[in-house]
>>> print(open('protein.txt').read())   # compact mmCIF, C-alpha atoms
# COMPACT_ATOMS: atom_id res chain seq x y z
CA MET Q 227 0.00 0.00 0.00
CA ASN Q 228 1.35 3.40 -0.88
CA LYS Q 229 1.73 5.61 2.15
CA VAL Q 230 0.39 9.14 2.14
CA LYS Q 231 2.08 11.73 4.31
CA SER Q 232 -0.44 11.45 7.12
CA ASP Q 233 0.33 7.71 7.44
CA ILE Q 234 3.92 8.48 8.26
CA LYS Q 235 4.68 8.89 11.93
CA ILE Q 236 7.44 11.18 13.15
CA CYS Q 237 8.93 11.56 16.60
CA VAL Q 238 10.34 15.05 17.22
CA ALA Q 239 12.88 14.75 20.02
CA TYR Q 240 14.85 17.48 21.69
CA SER Q 241 16.06 18.57 25.09
CA SER Q 242 15.63 22.22 25.87
CA GLY Q 243 16.54 25.85 25.29
CA GLY Q 244 18.14 26.47 21.95
CA HIS Q 245 17.58 22.90 20.81
CA GLY Q 246 13.87 23.42 21.32
CA GLN Q 247 13.78 26.81 19.66
CA GLN Q 248 15.50 25.32 16.63
CA ALA Q 249 13.27 22.26 16.49
CA LEU Q 250 10.17 24.46 16.58
CA GLN Q 251 11.32 26.34 13.47
CA LEU Q 252 10.19 23.23 11.54
CA THR Q 253 6.61 22.89 12.82
CA GLU Q 254 5.22 23.48 9.34
CA LEU Q 255 7.14 20.41 8.20
CA TYR Q 256 5.95 18.23 11.10
CA ASN Q 257 2.33 19.17 10.48
CA LYS Q 258 2.48 17.43 7.10
CA TYR Q 259 2.77 14.12 8.93
CA ASP Q 260 1.42 12.35 11.99
CA PHE Q 261 3.82 13.48 14.69
CA PHE Q 262 4.44 13.75 18.40
CA TYR Q 263 7.00 15.45 20.64
CA PHE Q 264 9.42 13.74 23.01
CA ILE Q 265 10.85 16.64 24.93
CA LYS Q 266 11.95 18.12 28.23
CA LYS Q 267 9.11 18.40 30.75
CA ASP Q 268 9.02 22.22 31.02
CA GLU Q 269 8.80 22.48 27.24
CA ILE Q 270 5.43 20.79 27.26
CA ASN Q 271 3.63 23.99 28.19
CA MET Q 272 4.96 25.57 25.06
CA THR Q 273 4.12 22.73 22.75
CA LYS Q 274 0.67 22.18 24.30
CA LYS Q 275 -0.16 25.41 22.56
CA LEU Q 276 0.71 23.71 19.30
CA GLY Q 277 -1.79 20.97 20.07
CA ALA Q 278 0.43 17.97 19.46
CA ARG Q 279 0.81 14.73 21.41
CA HIS Q 280 3.83 14.76 23.65
CA TYR Q 281 5.86 12.70 26.08
CA TYR Q 282 8.60 13.98 28.26
CA ASN Q 283 12.18 12.83 28.56
CA TYR Q 284 14.50 13.36 31.49
CA THR Q 285 16.76 16.36 31.05
CA LEU Q 286 19.39 17.27 33.61
CA GLU Q 287 18.33 20.91 33.97
CA THR Q 288 14.87 19.89 35.18
CA TYR Q 289 16.35 18.26 38.24
CA ILE Q 290 19.52 20.02 39.23
CA ASN Q 291 21.11 23.41 38.88
CA ARG Q 292 24.37 22.55 37.19
CA SER Q 293 26.38 25.45 38.55
CA LYS Q 294 25.22 25.08 42.15
CA MET Q 295 25.42 21.29 42.32
CA SER Q 296 28.24 20.43 39.97
CA TYR Q 297 29.22 17.36 42.00
CA LEU Q 298 25.87 15.80 41.17
CA VAL Q 299 26.13 16.25 37.43
CA TRP Q 300 27.74 12.93 36.54
CA PRO Q 301 25.74 10.59 38.79
CA VAL Q 302 22.46 12.32 37.94
CA THR Q 303 23.33 12.29 34.23
CA PHE Q 304 23.90 8.55 34.41
CA ILE Q 305 20.58 7.96 36.16
CA LEU Q 306 18.70 10.20 33.74
CA PHE Q 307 20.27 8.58 30.69
CA SER Q 308 19.13 5.18 31.97
CA LEU Q 309 15.63 6.52 32.65
CA ASN Q 310 15.57 8.05 29.19
CA PHE Q 311 16.38 4.66 27.70
CA ILE Q 312 13.50 3.01 29.49
CA LYS Q 313 11.15 5.87 28.64
CA SER Q 314 12.31 5.76 25.01
CA ILE Q 315 11.46 2.08 24.73
CA TYR Q 316 8.03 2.82 26.17
CA VAL Q 317 7.45 5.73 23.78
CA PHE Q 318 8.64 3.68 20.83
CA LEU Q 319 6.30 0.79 21.62
CA MET Q 320 3.37 3.15 22.17
CA GLU Q 321 3.84 5.16 18.99
CA LYS Q 322 6.04 3.10 16.62
CA PRO Q 323 7.42 6.12 14.75
CA ASP Q 324 8.84 5.66 11.26
CA PHE Q 325 11.30 8.51 11.68
CA VAL Q 326 12.84 10.42 14.53
CA ILE Q 327 13.95 14.01 13.95
CA SER Q 328 16.17 15.53 16.60
CA THR Q 329 17.99 18.79 17.15
CA GLY Q 330 19.77 17.29 20.20
CA SER Q 331 21.15 17.23 22.64
CA SER Q 332 22.15 14.19 24.65
CA SER Q 333 18.78 13.51 26.31
CA ALA Q 334 17.40 12.94 22.82
CA LEU Q 335 20.01 10.27 22.06
CA PRO Q 336 18.26 7.27 23.64
CA ILE Q 337 15.14 7.56 21.47
CA CYS Q 338 17.39 7.85 18.41
CA ILE Q 339 19.29 4.74 19.44
CA ILE Q 340 16.07 2.79 20.09
CA CYS Q 341 14.62 3.82 16.72
CA LYS Q 342 17.83 2.79 15.00
CA LEU Q 343 17.81 -0.61 16.71
CA PHE Q 344 14.27 -1.17 15.43
CA GLY Q 345 15.27 -0.29 11.88
CA LYS Q 346 13.72 3.18 11.77
CA LYS Q 347 15.34 6.23 10.22
CA VAL Q 348 17.17 8.83 12.32
CA VAL Q 349 17.47 12.48 11.29
CA TRP Q 350 19.81 14.61 13.40
CA ILE Q 351 20.26 18.36 13.02
CA GLU Q 352 23.45 19.72 14.55
CA SER Q 353 22.82 22.86 16.58
CA PHE Q 354 23.14 26.33 15.08
CA ALA Q 355 25.41 27.10 18.03
CA LYS Q 356 28.02 24.59 16.85
CA VAL Q 357 30.05 26.56 14.35
CA ASN Q 358 33.63 25.38 14.49
CA LYS Q 359 33.55 22.33 16.74
CA PRO Q 360 31.22 19.31 16.93
CA GLY Q 361 28.81 18.93 19.85
CA ARG Q 362 29.43 16.15 22.35
CA ALA Q 363 26.18 14.28 21.79
CA SER Q 364 26.50 14.76 18.04
CA LYS Q 365 29.57 12.56 17.67
CA LEU Q 366 27.49 9.54 18.66
CA ALA Q 367 24.47 10.83 16.76
CA TYR Q 368 26.59 11.01 13.60
CA TYR Q 369 27.28 7.27 13.73
CA ILE Q 370 23.67 6.26 14.08
CA SER Q 371 21.91 8.85 11.95
CA ASP Q 372 20.68 8.22 8.43
CA LEU Q 373 20.56 11.92 7.68
CA PHE Q 374 22.91 14.27 9.54
CA ILE Q 375 22.41 17.97 8.85
CA ILE Q 376 24.88 20.73 9.71
CA GLN Q 377 24.12 24.44 9.74
CA TRP Q 378 27.68 25.68 9.25
CA LYS Q 379 30.05 24.64 6.46
CA GLU Q 380 32.95 24.76 8.91
CA LEU Q 381 31.80 21.41 10.31
CA GLU Q 382 32.13 19.53 7.02
CA LYS Q 383 35.62 18.38 7.89
CA PHE Q 384 34.33 16.67 11.05
CA TYR Q 385 31.30 15.12 9.40
CA PRO Q 386 32.07 14.01 5.85
CA LYS Q 387 28.66 12.36 5.42
CA ALA Q 388 26.77 15.41 6.61
CA VAL Q 389 24.41 17.47 4.49
CA TYR Q 390 24.78 21.24 4.76
CA GLY Q 391 21.40 22.83 5.37
CA GLY Q 392 22.20 26.44 6.23
CA SER Q 393 20.49 28.20 9.11
CA ILE Q 394 17.38 26.67 10.63
CA TYR Q 395 16.32 30.13 11.85
CA MET A 223 16.90 54.21 25.53
CA LYS A 224 14.38 51.43 26.06
CA ALA A 225 15.96 48.03 26.22
CA PHE A 226 14.66 44.50 26.33
CA VAL A 227 17.03 42.31 28.31
CA THR A 228 16.76 38.53 28.06
CA ILE A 229 18.81 35.89 29.84
CA GLY A 230 16.98 32.81 28.58
CA THR A 231 14.63 30.28 30.10
CA GLY A 232 17.13 27.98 31.78
CA LYS A 233 17.42 27.45 35.50
CA SER A 234 20.71 29.26 35.98
CA GLY A 235 20.70 32.99 36.59
CA PHE A 236 23.03 35.52 35.06
CA TYR A 237 23.93 37.79 37.94
CA ARG A 238 26.87 39.42 36.13
CA LEU A 239 24.60 40.79 33.39
CA LEU A 240 21.57 41.56 35.54
CA LYS A 241 23.61 43.57 38.05
CA HIS A 242 25.16 45.72 35.34
CA VAL A 243 21.88 46.28 33.56
CA GLU A 244 20.39 47.42 36.86
CA GLN A 245 23.26 49.88 37.23
CA ALA A 246 22.82 51.10 33.65
CA ILE A 247 19.18 51.91 34.43
CA ASN A 248 20.17 53.66 37.67
CA ASN A 249 22.73 55.70 35.69
CA ASN A 250 20.06 56.71 33.14
CA LEU A 251 21.77 54.89 30.29
CA LEU A 252 18.66 52.79 29.89
CA ARG A 253 15.03 53.70 30.54
CA THR A 254 13.37 52.57 33.76
CA ASP A 255 10.60 50.86 31.80
CA SER A 256 13.11 48.58 30.11
CA THR A 257 11.91 44.98 30.44
CA ILE A 258 14.28 42.51 32.00
CA GLN A 259 13.39 38.83 31.53
CA ILE A 260 15.16 37.05 34.38
CA GLY A 261 14.19 33.39 33.91
CA GLY A 262 15.30 31.26 36.84
CA SER A 263 17.55 33.90 38.38
CA ASP A 264 17.77 34.12 42.17
CA TYR A 265 18.81 37.75 41.86
CA ILE A 266 16.00 40.20 41.15
CA PRO A 267 17.16 43.62 39.94
CA LYS A 268 15.62 46.56 41.75
CA SER A 269 15.26 48.63 38.59
CA GLY A 270 13.47 47.94 35.35
CA ASN A 271 10.27 46.07 34.50
CA ILE A 272 11.05 42.57 35.78
CA VAL A 273 9.48 39.40 34.38
CA ARG A 274 10.55 35.81 34.72
CA TYR A 275 9.07 34.29 31.60
CA LEU A 276 7.15 35.51 28.58
CA ASN A 277 4.94 33.59 26.20
CA GLU A 278 5.61 33.79 22.49
CA ASP A 279 3.37 36.80 21.82
CA GLU A 280 4.61 38.74 24.85
CA TYR A 281 8.22 38.05 23.92
CA PHE A 282 7.64 39.23 20.38
CA LYS A 283 6.00 42.45 21.59
CA GLU A 284 8.88 43.18 23.96
CA GLN A 285 11.37 42.78 21.14
CA VAL A 286 9.35 45.01 18.82
CA ASP A 287 8.89 47.74 21.45
CA ALA A 288 12.55 47.86 22.45
CA GLU A 289 15.10 50.17 20.87
CA ILE A 290 17.93 47.80 21.72
CA ILE A 291 18.07 44.21 22.84
CA ILE A 292 20.60 42.95 25.36
CA SER A 293 20.74 39.20 25.27
CA HIS A 294 22.67 36.26 26.63
CA GLY A 295 24.30 34.18 23.89
CA GLY A 296 21.32 31.96 23.12
CA THR A 297 20.86 31.39 19.40
CA GLY A 298 17.09 31.75 19.49
CA SER A 299 17.19 35.04 21.40
CA ILE A 300 19.79 36.50 19.09
CA THR A 301 18.33 35.41 15.75
CA SER A 302 14.75 36.39 16.60
CA ALA A 303 15.99 39.90 17.42
CA LEU A 304 18.08 40.08 14.26
CA LYS A 305 15.13 39.01 12.12
CA LEU A 306 13.31 42.08 13.52
CA LYS A 307 16.32 44.18 12.43
CA LYS A 308 17.05 45.22 16.01
CA LYS A 309 20.40 46.36 17.38
CA VAL A 310 21.59 43.58 19.63
CA ILE A 311 24.22 43.55 22.37
CA VAL A 312 25.19 39.98 23.24
CA VAL A 313 26.75 39.08 26.57
CA PRO A 314 27.70 35.41 26.28
CA ARG A 315 27.43 33.23 29.34
CA LEU A 316 30.89 32.07 30.35
CA HIS A 317 31.85 28.68 31.75
CA LYS A 318 34.51 30.20 34.01
CA PHE A 319 31.83 32.10 35.92
CA ASN A 320 29.58 29.03 36.12
CA GLU A 321 27.07 30.76 33.90
CA HIS A 322 26.83 27.84 31.50
CA LEU A 323 28.04 24.27 31.12
CA ASP A 324 30.55 25.17 28.41
CA ASP A 325 31.56 28.11 26.24
CA HIS A 326 29.42 27.48 23.20
CA GLN A 327 27.70 30.84 23.68
CA LEU A 328 31.11 32.44 23.41
CA GLU A 329 31.71 30.69 20.11
CA ILE A 330 28.49 31.79 18.45
CA THR A 331 28.85 35.33 19.84
CA ARG A 332 32.30 35.69 18.30
CA VAL A 333 31.06 34.40 14.94
CA PHE A 334 28.14 36.82 14.89
CA GLU A 335 30.30 39.72 16.02
CA LYS A 336 32.80 39.00 13.28
CA LYS A 337 30.03 38.92 10.70
CA GLY A 338 28.82 42.31 11.93
CA TYR A 339 25.39 41.21 13.11
CA ILE A 340 25.80 42.17 16.77
CA MET A 341 27.91 43.99 19.31
CA ALA A 342 29.45 41.73 21.93
CA VAL A 343 30.47 42.31 25.53
CA TYR A 344 32.81 39.78 27.11
CA ASP A 345 34.15 41.95 29.95
CA ILE A 346 30.99 43.21 31.62
CA GLY A 347 32.75 46.43 32.62
CA LYS A 348 32.50 47.44 28.95
CA LEU A 349 28.70 47.18 28.83
CA ASP A 350 28.06 50.86 29.60
CA ASN A 351 30.45 51.92 26.88
CA VAL A 352 28.80 49.69 24.28
CA ILE A 353 25.33 50.92 25.25
CA SER A 354 26.50 54.51 24.89
CA ASN A 355 27.91 53.84 21.44
CA ILE A 356 25.21 51.54 20.07
CA HIS A 357 23.73 54.48 18.20
CA TYR A 358 26.65 54.33 15.76
CA PHE A 359 26.39 50.61 15.15
CA GLN A 360 24.82 49.60 11.84
CA PRO A 361 24.22 45.87 11.95
CA GLU A 362 24.60 43.64 8.93
CA VAL A 363 21.28 42.15 7.87
CA PHE A 364 20.83 38.58 9.04
CA GLN A 365 19.71 36.32 6.22
CA SER A 366 17.11 33.95 7.51
CA GLY A 367 17.36 30.30 6.50
CA THR A 368 15.45 29.64 3.32
CA GLY A 369 13.71 26.53 4.53
CA GLN A 370 16.44 24.43 3.02
CA ILE A 371 16.56 22.14 6.03
CA SER A 372 12.83 21.53 5.80
CA THR A 373 13.15 20.61 2.14
CA ILE A 374 16.10 18.32 2.76
CA ILE A 375 14.17 16.42 5.43
CA GLU A 376 10.98 16.22 3.39
CA ASP A 377 12.88 14.80 0.41
CA PHE A 378 14.64 12.32 2.66
CA ILE A 379 11.34 11.13 4.11
CA SER A 380 9.82 10.71 0.64
CA ARG A 381 12.77 8.59 -0.47
CA ASN A 382 12.54 6.36 2.60
CA ILE A 383 8.93 5.32 2.87
>>> encode(input="protein.txt", output="structure tokens")
Amino acid sequence: MNKVKSDIKICVAYSSGGHGQQALQLTELYNKYDFFYFIKKDEINMTKKLGARHYYNYTLETYINRSKMSYLVWPVTFILFSLNFIKSIYVFLMEKPDFVISTGSSSALPICIICKLFGKKVVWIESFAKVNKPGRASKLAYYISDLFIIQWKELEKFYPKAVYGGSIY
Amino acid sequence: MKAFVTIGTGKSGFYRLLKHVEQAINNNLLRTDSTIQIGGSDYIPKSGNIVRYLNEDEYFKEQVDAEIIISHGGTGSITSALKLKKKVIVVPRLHKFNEHLDDHQLEITRVFEKKGYIMAVYDIGKLDNVISNIHYFQPEVFQSGTGQISTIIEDFISRNI
């Protein structure tokens, strides 16, 4: 059966802040398909306005203030990453997306990994803020993504397979 | 001069910037009705129109109404102001002051400064000077993305269903 656009299911995954602002530049694109958000908890209030289904992932900033509690960063990161994995499996089984589109950062990695393991396609957009050096989460994302988009040409030397897309803004 | 000051929606404050903006208002460099969006900051300036968070429409209106925008180095804050052809002073959050987890704001600020889109303040002591001279600054026009990324993804999806 030929699929029409509304049969295709997309997971839009991102953490927070700039990653969210960049991801939301593409809402016109998402609305062509059946889609849902997998995002940081506080972001949900913003995306509720957009009327889409959403689930929340576990982002460090929701739980600790990095500068005040720096000693907690690594243990909490490890716990949250594990929780994200479990939540990602749950979200995947509930929704069975065909594609995942992510603007990063690391809290969006587990859902990308899960989708990849189940043979789905991963689209990763490197942040507009990464001009001369790759992001930390992106190095892993590059290996598992089927489409890796960069916004600055300066990154081509780090990501030979990447597609240059210009500014998302 | 009426300013809109934004430090982003994250949990960490930005005392270094907020304190100096407060002083700039007290010294009549900026108007007292300048809006300062303070996010999760513990410090609350005693001058200016203080808000923690703004919804999309409110944020847009604040940008439109302001003569200049003073922003942390968040890409969304900067580019939305540039798209409105506003004069923007960027004060990047710095890792060494525990203002951010790394110096990626510094990186993007330097790039934008070099391209002539914004004025940047790294040493906060220079903020007053930059505000005083912003009148002479003619920013380069920021070219918005042409939807190329959208097209790339849409084509990719079509080829993979």
>>> interface_residues(input="protein.txt", of="chain Q", to="chain A", cutoff="6 Å", atoms="only C-alpha atoms", output="compact mmCIF listing (two decimals) with C-alpha atoms, in the frame of the given file")
# COMPACT_ATOMS: atom_id res chain seq x y z
CA GLY Q 244 18.14 26.47 21.95
CA GLN Q 247 13.78 26.81 19.66
CA SER Q 293 26.38 25.45 38.55
CA ALA Q 355 25.41 27.10 18.03
CA GLY Q 391 21.40 22.83 5.37
CA SER Q 393 20.49 28.20 9.11
CA ILE Q 394 17.38 26.67 10.63
CA TYR Q 395 16.32 30.13 11.85
>>> atom_distance(input="protein.txt", atom1="atom CA of Q:Leu343", atom2="atom CA of Q:Lys365")
17.7 Å
>>> atom_distance(input="protein.txt", atom1="atom CA of Q:Ala363", atom2="atom CA of Q:Gly246")
15.3 Å
>>> closest_residue(input="protein.txt", among="Q:Pro386, Q:Gly392, Q:Pro301, Q:Gly330", to="Q:Arg362", atoms="all atoms listed in the file")
Q:Gly330
>>> atom_distance(input="protein.txt", atom1="atom CA of Q:Trp378", atom2="atom CA of A:His294")
21.0 Å
>>> residues_around(input="protein.txt", residues="A:Ile290", least_positions_apart="5", cutoff="6 Å", atoms="only C-alpha atoms", output="number ranges by chain")
A: 225, 309-310
>>> closest_residue(input="protein.txt", among="Q:Leu298, Q:Ile312, Q:Leu286, Q:Ile340", to="Q:Ser242", atoms="all atoms listed in the file")
Q:Leu286
>>> closest_residue(input="protein.txt", among="Q:Phe344, Q:Tyr390, Q:Phe262, Q:Tyr385", to="Q:Pro360", atoms="all atoms listed in the file")
Q:Tyr385
>>> residues_near_point(input="protein.txt", point="(15.6, 7.7, 28.0)", cutoff="10 Å", atoms="all atoms listed in the file", output="VMD selection string")
chain Q and resid 264 282 to 285 305 to 317 332 to 340
>>> residues_around(input="protein.txt", residues="A:Glu284", least_positions_apart="6", cutoff="10 Å", atoms="only C-alpha atoms", output="number ranges by chain")
A: 225-227, 256-259, 276, 291
>>> residues_around(input="protein.txt", residues="A:Val363", least_positions_apart="3", cutoff="9 Å", atoms="only C-alpha atoms", output="PDB file with C-alpha atoms, in the frame of the given file")
ATOM      1  CA  LEU A 304      18.080  40.080  14.260  1.00  0.00           C
ATOM      2  CA  LYS A 305      15.130  39.010  12.120  1.00  0.00           C
ATOM      3  CA  LYS A 307      16.320  44.180  12.430  1.00  0.00           C
ATOM      4  CA  GLY A 338      28.820  42.310  11.930  1.00  0.00           C
ATOM      5  CA  TYR A 339      25.390  41.210  13.110  1.00  0.00           C
TER       6      TYR A 339
END
>>> closest_residue(input="protein.txt", among="A:Asp325, A:Glu335, A:Asp264, A:Glu362", to="A:Lys241", atoms="all atoms listed in the file")
A:Asp264
>>> residues_near_point(input="protein.txt", point="(33.6, 23.4, 16.1)", cutoff="9 Å", atoms="all atoms listed in the file", output="list in words")
Lys356, Val357, Asn358, Lys359, Pro360, Gly361, Glu380, Leu381 and Phe384 of chain Q; Glu329 of chain A
>>> closest_residue(input="protein.txt", among="Q:Ala367, Q:Val302, Q:Ile375, Q:Ile265", to="Q:Cys237", atoms="all atoms listed in the file")
Q:Ile265
>>> build_atoms(input="protein.txt", residues="stretch 230-248 of chain A", atoms="N, CA, C and O atoms", output="short mmCIF file (atom, residue, chain, number, x, y, z; two decimals), in the coordinates of the input")
data_model
loop_
_atom_site.label_atom_id
_atom_site.label_comp_id
_atom_site.auth_asym_id
_atom_site.auth_seq_id
_atom_site.Cartn_x
_atom_site.Cartn_y
_atom_site.Cartn_z
N GLY A 230 17.34 34.18 28.93
CA GLY A 230 16.98 32.81 28.58
C GLY A 230 16.07 32.16 29.61
O GLY A 230 15.78 32.73 30.67
N THR A 231 15.64 30.94 29.28
CA THR A 231 14.63 30.28 30.10
C THR A 231 15.22 29.18 30.97
O THR A 231 14.49 28.45 31.63
N GLY A 232 16.52 29.04 30.98
CA GLY A 232 17.13 27.98 31.78
C GLY A 232 17.07 28.28 33.26
O GLY A 232 16.64 29.36 33.68
N LYS A 233 17.50 27.31 34.04
CA LYS A 233 17.42 27.45 35.50
C LYS A 233 18.51 28.33 36.07
O LYS A 233 18.36 28.87 37.16
N SER A 234 19.64 28.46 35.38
CA SER A 234 20.71 29.26 35.98
C SER A 234 20.47 30.73 35.73
O SER A 234 19.96 31.13 34.70
N GLY A 235 20.84 31.54 36.72
CA GLY A 235 20.70 32.99 36.59
C GLY A 235 21.83 33.55 35.76
O GLY A 235 22.58 32.82 35.12
N PHE A 236 21.95 34.86 35.77
CA PHE A 236 23.03 35.52 35.06
C PHE A 236 23.30 36.82 35.78
O PHE A 236 23.08 37.92 35.27
N TYR A 237 23.76 36.66 37.03
CA TYR A 237 23.93 37.79 37.94
C TYR A 237 24.81 38.88 37.33
O TYR A 237 24.53 40.07 37.42
N ARG A 238 25.89 38.47 36.69
CA ARG A 238 26.87 39.42 36.13
C ARG A 238 26.17 40.41 35.20
O ARG A 238 26.38 41.61 35.27
N LEU A 239 25.31 39.91 34.33
CA LEU A 239 24.60 40.79 33.39
C LEU A 239 23.51 41.58 34.08
O LEU A 239 23.39 42.78 33.91
N LEU A 240 22.71 40.89 34.90
CA LEU A 240 21.57 41.56 35.54
C LEU A 240 22.02 42.72 36.42
O LEU A 240 21.40 43.79 36.43
N LYS A 241 23.10 42.53 37.15
CA LYS A 241 23.61 43.57 38.05
C LYS A 241 24.02 44.81 37.25
O LYS A 241 23.69 45.93 37.63
N HIS A 242 24.70 44.58 36.14
CA HIS A 242 25.16 45.72 35.34
C HIS A 242 24.04 46.41 34.59
O HIS A 242 24.08 47.61 34.37
N VAL A 243 23.04 45.66 34.20
CA VAL A 243 21.88 46.28 33.56
C VAL A 243 21.15 47.16 34.57
O VAL A 243 20.74 48.28 34.27
N GLU A 244 21.03 46.64 35.79
CA GLU A 244 20.39 47.42 36.86
C GLU A 244 21.13 48.75 37.05
O GLU A 244 20.51 49.81 37.15
N GLN A 245 22.45 48.66 37.06
CA GLN A 245 23.26 49.88 37.23
C GLN A 245 23.08 50.82 36.05
O GLN A 245 23.01 52.04 36.22
N ALA A 246 22.99 50.27 34.85
CA ALA A 246 22.82 51.10 33.65
C ALA A 246 21.50 51.87 33.71
O ALA A 246 21.41 53.01 33.29
N ILE A 247 20.47 51.23 34.27
CA ILE A 247 19.18 51.91 34.43
C ILE A 247 19.32 53.01 35.49
O ILE A 247 18.86 54.14 35.30
N ASN A 248 19.98 52.67 36.60
CA ASN A 248 20.17 53.66 37.67
C ASN A 248 20.99 54.85 37.19
O ASN A 248 20.82 55.98 37.68
#
